[in-house]
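S.K.: What follows is work-v6.txt, made up of compact mmCIF, C-alpha atoms:
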```txt
# COMPACT_ATOMS: atom_id res chain seq x y z
CA MET A 9 -30.96 20.93 -65.12
CA LYS A 10 -27.30 20.70 -64.28
CA HIS A 11 -25.05 23.46 -65.48
CA ASP A 12 -22.27 21.02 -66.36
CA ASP A 13 -24.61 18.73 -68.27
CA PRO A 14 -23.45 18.46 -71.91
CA VAL A 15 -27.01 17.77 -73.16
CA ASP A 16 -28.27 20.88 -71.39
CA ASP A 17 -25.37 22.87 -72.90
CA LEU A 18 -26.06 21.39 -76.32
CA LEU A 19 -29.75 22.28 -76.15
CA GLN A 20 -29.03 25.79 -74.89
CA ARG A 21 -26.53 26.38 -77.70
CA ALA A 22 -28.81 24.89 -80.36
CA PHE A 23 -31.80 27.02 -79.28
CA ALA A 24 -29.61 30.15 -78.99
CA THR A 25 -28.08 29.58 -82.44
CA GLU A 26 -31.48 29.06 -83.99
CA ARG A 27 -32.90 32.16 -82.30
CA ALA A 28 -29.97 34.30 -83.44
CA ALA A 29 -30.33 33.06 -87.02
CA LEU A 30 -34.07 33.75 -87.27
CA ASP A 31 -35.22 36.00 -90.07
CA MET A 32 -37.25 38.31 -87.82
CA PRO A 33 -40.34 40.13 -89.12
CA ASP A 34 -40.85 43.66 -87.74
CA VAL A 35 -43.34 42.55 -85.11
CA ALA A 36 -42.82 45.59 -82.86
CA GLY A 37 -43.41 48.04 -85.74
CA THR A 38 -46.59 46.29 -86.81
CA VAL A 39 -47.88 46.09 -83.24
CA LEU A 40 -47.25 49.82 -82.71
CA GLN A 41 -49.23 50.59 -85.87
CA ARG A 42 -52.08 48.38 -84.70
CA MET A 43 -52.01 50.06 -81.26
CA ARG A 44 -52.25 53.50 -82.91
CA ARG A 45 -55.14 52.38 -85.12
CA ARG A 46 -56.98 51.00 -82.08
CA ALA A 47 -56.43 54.24 -80.14
CA ARG A 48 -57.79 56.29 -83.07
CA LEU A 49 -60.82 54.07 -83.39
CA ARG A 50 -61.48 54.38 -79.66
CA ALA A 51 -61.12 58.16 -79.90
CA LEU A 52 -63.55 58.22 -82.84
CA VAL A 53 -66.11 56.20 -80.92
CA LEU A 54 -65.71 58.38 -77.81
CA GLY A 55 -65.98 61.54 -79.89
CA SER A 56 -69.08 60.29 -81.64
CA VAL A 57 -70.66 59.37 -78.31
CA GLY A 58 -69.76 62.85 -77.07
CA LEU A 59 -71.42 64.45 -80.08
CA ILE A 60 -74.58 62.43 -79.56
CA CYS A 61 -74.60 63.46 -75.89
CA VAL A 62 -74.26 67.12 -76.89
CA ALA A 63 -77.11 66.78 -79.32
CA VAL A 64 -79.29 65.14 -76.65
CA LEU A 65 -78.42 67.83 -74.11
CA GLU A 66 -79.11 70.56 -76.64
CA MET A 67 -82.46 69.07 -77.51
CA SER A 68 -83.29 68.76 -73.82
CA ASN A 69 -83.01 72.54 -73.49
CA LEU A 70 -80.53 72.30 -70.64
CA SER A 71 -78.85 75.39 -69.27
CA LEU A 72 -75.37 76.44 -70.42
CA GLY A 73 -74.06 75.67 -66.91
CA SER A 74 -75.10 72.02 -67.05
CA ILE A 75 -73.71 71.62 -70.56
CA LEU A 76 -70.34 73.04 -69.42
CA THR A 77 -70.32 70.72 -66.41
CA PHE A 78 -70.98 67.79 -68.74
CA TRP A 79 -68.15 68.84 -71.04
CA GLY A 80 -65.80 69.31 -68.11
CA ARG A 81 -66.34 65.70 -67.12
CA GLU A 82 -66.23 64.46 -70.71
CA LEU A 83 -62.94 66.23 -71.45
CA THR A 84 -61.36 65.01 -68.23
CA VAL A 85 -62.10 61.44 -69.29
CA LEU A 86 -60.99 61.97 -72.87
CA LEU A 87 -57.72 63.70 -72.04
CA HIS A 88 -56.50 60.61 -70.18
CA GLY A 89 -56.15 58.75 -73.45
CA ASP A 90 -55.03 59.43 -76.97
CA ALA A 91 -57.98 61.70 -77.62
CA ILE A 92 -56.94 64.32 -80.14
CA LEU A 93 -59.57 63.04 -82.52
CA SER A 94 -62.21 62.99 -79.80
CA VAL A 95 -61.42 66.54 -78.73
CA THR A 96 -61.51 67.66 -82.36
CA LEU A 97 -64.92 66.08 -82.79
CA VAL A 98 -66.08 67.65 -79.55
CA LEU A 99 -64.89 71.07 -80.72
CA LEU A 100 -66.56 70.49 -84.07
CA GLY A 101 -69.74 69.61 -82.20
CA LEU A 102 -69.52 72.80 -80.13
CA ALA A 103 -68.81 74.83 -83.27
CA ALA A 104 -71.84 73.29 -84.90
CA ILE A 105 -73.95 74.27 -81.88
CA VAL A 106 -72.65 77.86 -81.97
CA ALA A 107 -73.24 78.04 -85.73
CA THR A 108 -76.74 76.65 -85.33
CA ASP A 109 -77.46 79.15 -82.53
CA ALA A 110 -76.16 82.02 -84.67
CA GLU A 111 -78.27 80.90 -87.60
CA PHE A 112 -81.44 80.93 -85.53
CA ALA A 113 -80.62 84.06 -83.50
CA MET B 15 -46.77 50.21 -59.44
CA ALA B 16 -46.33 53.74 -58.15
CA PRO B 17 -46.42 56.60 -60.66
CA ASP B 18 -43.15 58.10 -59.33
CA VAL B 19 -41.40 54.80 -60.15
CA GLY B 20 -42.71 55.14 -63.69
CA ALA B 21 -41.56 58.74 -63.94
CA GLU B 22 -38.09 57.79 -62.68
CA ALA B 23 -37.91 54.94 -65.14
CA LEU B 24 -38.98 57.22 -67.96
CA LYS B 25 -36.30 59.76 -66.99
CA ASP B 26 -33.66 56.98 -67.11
CA PHE B 27 -35.04 55.82 -70.41
CA GLN B 28 -35.02 59.34 -71.88
CA ALA B 29 -31.53 59.95 -70.51
CA GLY B 30 -30.32 57.04 -72.62
CA ALA B 31 -29.81 54.60 -69.73
CA THR B 32 -30.79 50.97 -70.25
CA PRO B 33 -33.68 50.40 -67.91
CA GLY B 34 -34.72 46.95 -66.80
CA ASP B 35 -38.01 45.36 -67.79
CA GLU B 36 -39.60 46.23 -64.46
CA SER B 37 -38.78 49.94 -64.85
CA LEU B 38 -40.15 49.98 -68.39
CA VAL B 39 -43.33 48.24 -67.30
CA ALA B 40 -43.69 50.82 -64.52
CA ALA B 41 -43.21 53.63 -67.07
CA VAL B 42 -45.87 52.16 -69.35
CA LEU B 43 -48.32 51.71 -66.47
CA ALA B 44 -47.75 55.15 -64.97
CA LEU B 45 -47.58 57.21 -68.14
CA GLY B 46 -49.12 55.02 -70.85
CA ASP B 47 -45.77 55.42 -72.56
CA GLY B 48 -45.80 53.74 -75.98
CA ALA B 49 -42.06 54.33 -76.49
CA ALA B 50 -41.22 52.34 -73.36
CA PHE B 51 -43.50 49.54 -74.53
CA ALA B 52 -41.78 49.59 -77.93
CA VAL B 53 -38.45 49.05 -76.15
CA LEU B 54 -39.94 46.08 -74.30
CA MET B 55 -41.27 44.64 -77.55
CA ARG B 56 -37.98 45.05 -79.41
CA ARG B 57 -36.18 43.44 -76.47
CA HIS B 58 -38.38 40.34 -76.33
CA GLN B 59 -39.85 39.90 -79.81
CA ARG B 60 -37.14 37.50 -81.00
CA GLN B 61 -37.59 35.17 -78.03
CA ILE B 62 -41.38 35.16 -78.29
CA TYR B 63 -41.32 34.71 -82.05
CA HIS B 64 -38.84 31.85 -81.67
CA LEU B 65 -41.01 30.16 -79.06
CA LEU B 66 -44.10 30.46 -81.27
CA LEU B 67 -42.26 29.35 -84.38
CA ARG B 68 -41.07 26.24 -82.53
CA LEU B 69 -44.62 25.56 -81.33
CA CYS B 70 -46.44 26.35 -84.60
CA ARG B 71 -43.66 25.54 -87.08
CA ASN B 72 -45.21 28.07 -89.41
CA HIS B 73 -43.90 31.60 -89.99
CA ALA B 74 -47.23 33.29 -90.71
CA ALA B 75 -48.96 31.78 -87.69
CA ALA B 76 -45.97 32.56 -85.46
CA GLU B 77 -45.90 36.18 -86.63
CA ASP B 78 -49.66 36.65 -86.11
CA LEU B 79 -49.54 35.09 -82.66
CA CYS B 80 -46.45 37.13 -81.76
CA GLN B 81 -48.32 40.34 -82.62
CA GLU B 82 -51.33 39.18 -80.63
CA THR B 83 -49.06 38.36 -77.68
CA PHE B 84 -47.77 41.94 -77.50
CA LEU B 85 -51.22 43.47 -78.05
CA ARG B 86 -52.55 41.29 -75.23
CA ALA B 87 -49.59 42.29 -73.05
CA TRP B 88 -50.28 45.99 -73.75
CA SER B 89 -53.92 45.70 -72.75
CA LYS B 90 -53.31 43.44 -69.72
CA LEU B 91 -50.09 45.00 -68.44
CA GLU B 92 -51.66 46.01 -65.14
CA HIS B 93 -52.07 42.29 -64.40
CA TYR B 94 -48.31 41.74 -64.53
CA GLU B 95 -47.36 41.52 -60.87
CA GLY B 96 -43.60 41.28 -61.31
CA ARG B 97 -43.37 37.94 -59.50
CA GLY B 98 -41.65 36.13 -62.36
CA SER B 99 -39.67 37.53 -65.25
CA PHE B 100 -41.41 39.73 -67.81
CA ALA B 101 -40.16 37.39 -70.56
CA GLY B 102 -41.79 34.49 -68.72
CA TRP B 103 -45.06 36.40 -68.47
CA LEU B 104 -44.95 37.08 -72.23
CA SER B 105 -44.15 33.42 -72.92
CA ARG B 106 -47.19 32.36 -70.91
CA ILE B 107 -49.42 34.70 -72.94
CA ALA B 108 -47.86 33.38 -76.15
CA TYR B 109 -48.43 29.75 -75.16
CA ASN B 110 -52.07 30.40 -74.19
CA LEU B 111 -52.66 32.16 -77.51
CA PHE B 112 -51.06 29.20 -79.26
CA LEU B 113 -53.54 26.85 -77.56
CA GLN B 114 -56.44 29.16 -78.53
CA HIS B 115 -55.13 29.18 -82.09
CA LEU B 116 -55.25 25.38 -82.13
CA ARG B 117 -58.80 25.41 -80.79
CA ARG B 118 -59.94 27.84 -83.46
CA TRP B 119 -58.23 26.04 -86.30
CA PRO B 120 -58.03 22.42 -85.19
CA PRO B 121 -55.84 20.45 -87.59
CA GLU B 122 -58.09 17.45 -87.16
CA LYS B 123 -61.82 17.44 -86.66
CA ALA B 124 -61.70 14.58 -84.19
CA MET B 125 -59.88 16.43 -81.48
CA GLU B 126 -60.57 14.78 -78.18
CA SER B 127 -58.56 16.80 -75.75
CA LEU B 128 -56.20 19.71 -75.84
CA ASP B 129 -53.65 18.97 -73.24
CA VAL B 130 -50.03 19.83 -73.74
CA SER B 131 -49.22 16.62 -75.57
CA ALA B 132 -52.19 16.90 -77.93
CA ALA B 133 -51.40 20.52 -78.64
CA SER B 134 -47.83 19.65 -79.36
CA SER B 135 -48.58 16.75 -81.65
CA GLN B 136 -51.15 18.78 -83.58
CA ALA B 137 -48.65 21.59 -83.95
CA ALA B 138 -45.94 19.22 -85.03
CA GLY B 139 -48.32 17.48 -87.38
CA ALA B 140 -50.93 19.27 -89.38
CA LEU B 141 -49.60 22.77 -88.83
CA THR B 142 -46.24 21.80 -90.22
CA THR B 143 -45.63 23.40 -93.57
CA PRO B 144 -42.54 23.78 -95.72
CA ASP B 145 -42.46 27.37 -94.45
CA HIS B 146 -40.07 26.84 -91.56
CA GLY B 147 -36.68 27.12 -93.20
CA ASP B 148 -35.16 28.98 -90.25
CA LEU B 149 -35.50 25.98 -87.95
CA LEU B 150 -32.28 24.07 -87.49
CA PRO B 151 -32.36 20.42 -88.59
CA GLU B 152 -29.87 19.62 -85.84
CA LEU B 153 -32.26 20.86 -83.17
CA ASP B 154 -35.11 18.99 -84.88
CA ARG B 155 -33.00 15.86 -84.69
CA LEU B 156 -32.33 16.33 -80.96
CA LEU B 157 -35.99 17.05 -80.21
CA GLY B 158 -36.99 14.08 -82.35
CA ALA B 159 -35.62 11.81 -79.63
CA VAL B 160 -38.35 12.78 -77.17
CA SER B 161 -42.13 12.51 -77.05
CA ASP B 162 -44.39 15.36 -78.22
CA GLU B 163 -45.20 16.32 -74.65
CA GLU B 164 -41.54 16.34 -73.62
CA ARG B 165 -40.66 18.35 -76.74
CA THR B 166 -43.21 21.00 -75.78
CA LEU B 167 -41.74 21.17 -72.29
CA LEU B 168 -38.22 21.55 -73.69
CA VAL B 169 -39.40 24.30 -76.09
CA LEU B 170 -41.13 26.16 -73.26
CA SER B 171 -38.02 25.82 -71.14
CA TYR B 172 -35.26 26.58 -73.67
CA ALA B 173 -37.03 28.78 -76.23
CA GLY B 174 -39.52 30.39 -73.84
CA GLY B 175 -37.00 30.81 -71.03
CA LEU B 176 -39.53 29.53 -68.50
CA SER B 177 -38.44 27.83 -65.30
CA ALA B 178 -39.86 24.42 -64.37
CA THR B 179 -41.94 26.16 -61.69
CA GLU B 180 -43.38 28.64 -64.20
CA ILE B 181 -44.19 25.83 -66.66
CA ALA B 182 -45.80 23.82 -63.87
CA ALA B 183 -47.99 26.78 -62.89
CA MET B 184 -48.97 27.34 -66.51
CA LEU B 185 -49.90 23.68 -67.09
CA ASP B 186 -51.43 23.23 -63.65
CA ARG B 187 -48.98 20.51 -62.66
CA ALA B 188 -46.65 19.94 -59.76
CA PRO B 189 -43.21 21.54 -60.29
CA GLY B 190 -41.57 18.22 -59.41
CA THR B 191 -43.47 16.48 -62.21
CA VAL B 192 -42.35 19.02 -64.79
CA LYS B 193 -38.76 18.87 -63.54
CA SER B 194 -38.69 15.09 -63.79
CA GLN B 195 -40.29 15.16 -67.27
CA ILE B 196 -37.64 17.60 -68.49
CA HIS B 197 -34.94 15.49 -66.84
CA ARG B 198 -36.32 12.36 -68.53
CA ALA B 199 -36.33 14.13 -71.90
CA ILE B 200 -32.70 15.14 -71.44
CA GLU B 201 -31.82 11.57 -70.51
CA LYS B 202 -33.52 10.28 -73.67
CA ILE B 203 -31.46 12.67 -75.79
CA ARG B 204 -28.32 11.61 -73.94
CA GLU B 205 -29.04 7.94 -74.54
CA LYS B 206 -30.04 8.34 -78.18
CA PHE B 207 -26.94 10.34 -79.08
CA ALA B 208 -24.64 8.62 -76.58
CA ILE B 209 -23.60 11.88 -74.96
CA GLU B 210 -21.52 11.38 -71.85
CA VAL B 211 -22.13 13.35 -68.67
CA GLY B 212 -19.40 15.91 -68.03
CA VAL B 213 -17.68 16.20 -64.69
```
Please re-express this file's structure in C-alpha cells.
M.R.:
Amino acid sequence: MKHDDPVDDLLQRAFATERAALDMPDVAGTVLQRMRRRARLRALVLGSVGLICVAVLEMSNLSLGSILTFWGRELTVLLHGDAILSVTLVLLGLAAIVATDAEFA
Amino acid sequence: MAPDVGAEALKDFQAGATPGDESLVAAVLALGDGAAFAVLMRRHQRQIYHLLLRLCRNHAAAEDLCQETFLRAWSKLEHYEGRGSFAGWLSRIAYNLFLQHLRRWPPEKAMESLDVSAASSQAAGALTTPDHGDLLPELDRLLGAVSDEERTLLVLSYAGGLSATEIAAMLDRAPGTVKSQIHRAIEKIREKFAIEVGV
C-alpha cells in the first residue's frame, strides 16, 4: 500500500472513524470476571482433590512425617496459583483430621 | 521471557509509566499479573471488537468472540513469541475463533469449504442482522466494490492491523499473493469511485 494513495487514506480514515464511533461493551471487565471465576473453580477442584488425598493418606495409616511431606508438596503447587480457596479447604481438611483424632483419642 | 524483565515491567507499570505491550506481556508471564493483562485488554479491545464486528456483522457474536479471544490469549500467552505485534497476534486468535464460530453455527447446511472467501460470504450473508448500527454505510459502500475474499483481506488489514505478511502466514498463502489481492481490491475501489491517484 502506498502512503500517498488516496484510496488507502480513505480506507484508513473510514476504518478509524468507525472504530472510534463504536459503542464498546465492557469486554475487559467481563473477561476479568470470567478469569476470576475460572481461577476459583480451579482452586475448588484442587482443594477437593487435596482433601480426597488427605482422606486416602489418613485411611492408609501413614506416618505424620509422610503426610507433612505430601502437604509440603501440595502447598508448593497450590501457592503458585490463585489458591486461597484451595488452602482454606486444605486447612479445613486438616482441622477435620485433628477434630476426628481428638474425638477418638 | 525472563522473570526480571517482568518485574521491571511491573515496576514501570506500578510507577505509572506507560509500558509497551511486550513489557506487559513479560509482566503477565513472569508474575501472572492480572492487572497488567487488564491493561493489555483495555488497550486492544476496541480494535479486536471492531475486527470481529466487521467479520460477523453482529454485536452479540462479536462481543462473545472478543471475550473468547482475550481468554484464549490469557491461557496461551506463553506461546506469544514477540515476533510480530501483540495486536496482530490477538487479531490472528480472533480470526481463528471467527472461523470456528462459523463451523459451529454454519449459516447454511450445505457448506462445502471454509476458505477465506466462503467464511466471508457466510459472515456477510446469513450472519447479517439488523444489529449492526455502528457500522458506517460509507465504509460498507467502499467494501461493496470488492469481492467477499478481498473484503475479508481488507478488514484483516485495516481493522485487524495485520500486515500482508501476517495475513499470508495466517491464511497459508504467499505474501506476494496477499499483497497483490489487496492491491487489486484497492484498484477496484479506485475505479468504482473514480478516485485519482495522488502525487
S.K.: When you draw a straight line from atom CA of B:Ala208 to atom CA of B:Tyr172, how long is it in Å?
M.R.: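 Calculated distance between atom CA of B:Ala208 and atom CA of B:Tyr172 is 21.1 Å.
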S.K.: Would you tabulate, counting all atoms listed in the file, all residues of chain A that have an atom at most 12 Å from an atom of chain B, showing the closest pair of atoms and their distance in Å to one decimal, sorted by chain then ascending number, as a Markdown table?
M.R.:
```
| residue | atom | partner | partner_atom | distance |
| --- | --- | --- | --- | --- |
| A:Met9 | CA | B:His197 | CA | 7.0 |
| A:Lys10 | CA | B:His197 | CA | 9.6 |
| A:His11 | CA | B:Gly212 | CA | 9.8 |
| A:Asp12 | CA | B:Gly212 | CA | 6.1 |
| A:Asp13 | CA | B:Gly212 | CA | 5.9 |
| A:Pro14 | CA | B:Gly212 | CA | 6.2 |
| A:Val15 | CA | B:Arg204 | CA | 6.3 |
| A:Asp16 | CA | B:Ile200 | CA | 7.3 |
| A:Asp17 | CA | B:Gly212 | CA | 10.4 |
| A:Leu18 | CA | B:Leu153 | CA | 9.3 |
| A:Leu19 | CA | B:Tyr172 | CA | 7.4 |
| A:Gln20 | CA | B:Tyr172 | CA | 6.4 |
| A:Arg21 | CA | B:Tyr172 | CA | 9.6 |
| A:Ala22 | CA | B:Leu153 | CA | 6.0 |
| A:Phe23 | CA | B:Ala173 | CA | 6.3 |
| A:Ala24 | CA | B:Ala173 | CA | 8.0 |
| A:Thr25 | CA | B:Leu150 | CA | 8.6 |
| A:Glu26 | CA | B:Leu150 | CA | 6.1 |
| A:Arg27 | CA | B:His64 | CA | 6.0 |
| A:Ala28 | CA | B:Arg60 | CA | 8.2 |
| A:Ala29 | CA | B:Asp148 | CA | 7.1 |
| A:Leu30 | CA | B:Asp148 | CA | 5.7 |
| A:Asp31 | CA | B:Asp148 | CA | 7.0 |
| A:Met32 | CA | B:Arg60 | CA | 6.9 |
| A:Pro33 | CA | B:Glu77 | CA | 7.3 |
| A:Asp34 | CA | B:Gln59 | CA | 8.8 |
| A:Val35 | CA | B:Gln81 | CA | 6.0 |
| A:Ala36 | CA | B:Met55 | CA | 5.6 |
| A:Gly37 | CA | B:Ala52 | CA | 8.1 |
| A:Thr38 | CA | B:Gln81 | CA | 7.5 |
| A:Val39 | CA | B:Gln81 | CA | 5.8 |
| A:Leu40 | CA | B:Ala52 | CA | 7.3 |
| A:Gln41 | CA | B:Leu85 | CA | 10.8 |
| A:Arg42 | CA | B:Leu85 | CA | 8.3 |
| A:Met43 | CA | B:Leu85 | CA | 7.4 |
| A:Arg44 | CA | B:Gly48 | CA | 9.5 |
| A:Arg46 | CA | B:Leu85 | CA | 10.3 |
| A:Ala47 | CA | B:Gly48 | CA | 11.4 |
| A:His88 | CA | B:Gly46 | CA | 9.3 |
| A:Gly89 | CA | B:Gly46 | CA | 8.4 |
| A:Asp90 | CA | B:Gly46 | CA | 9.6 |
```
S.K.: Quick one: distance from atom CA of B:Glu36 to atom CA of B:Gly96 in Å, one decimal?
M.R.: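 Atom-to-atom, atom CA of B:Glu36 to atom CA of B:Gly96, that is 7.1 Å.
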S.K.: How many Å separate atom CA of B:Phe112 from atom CA of A:Arg50?
M.R.: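 Atom-to-atom, atom CA of B:Phe112 to atom CA of A:Arg50, that is 27.3 Å.
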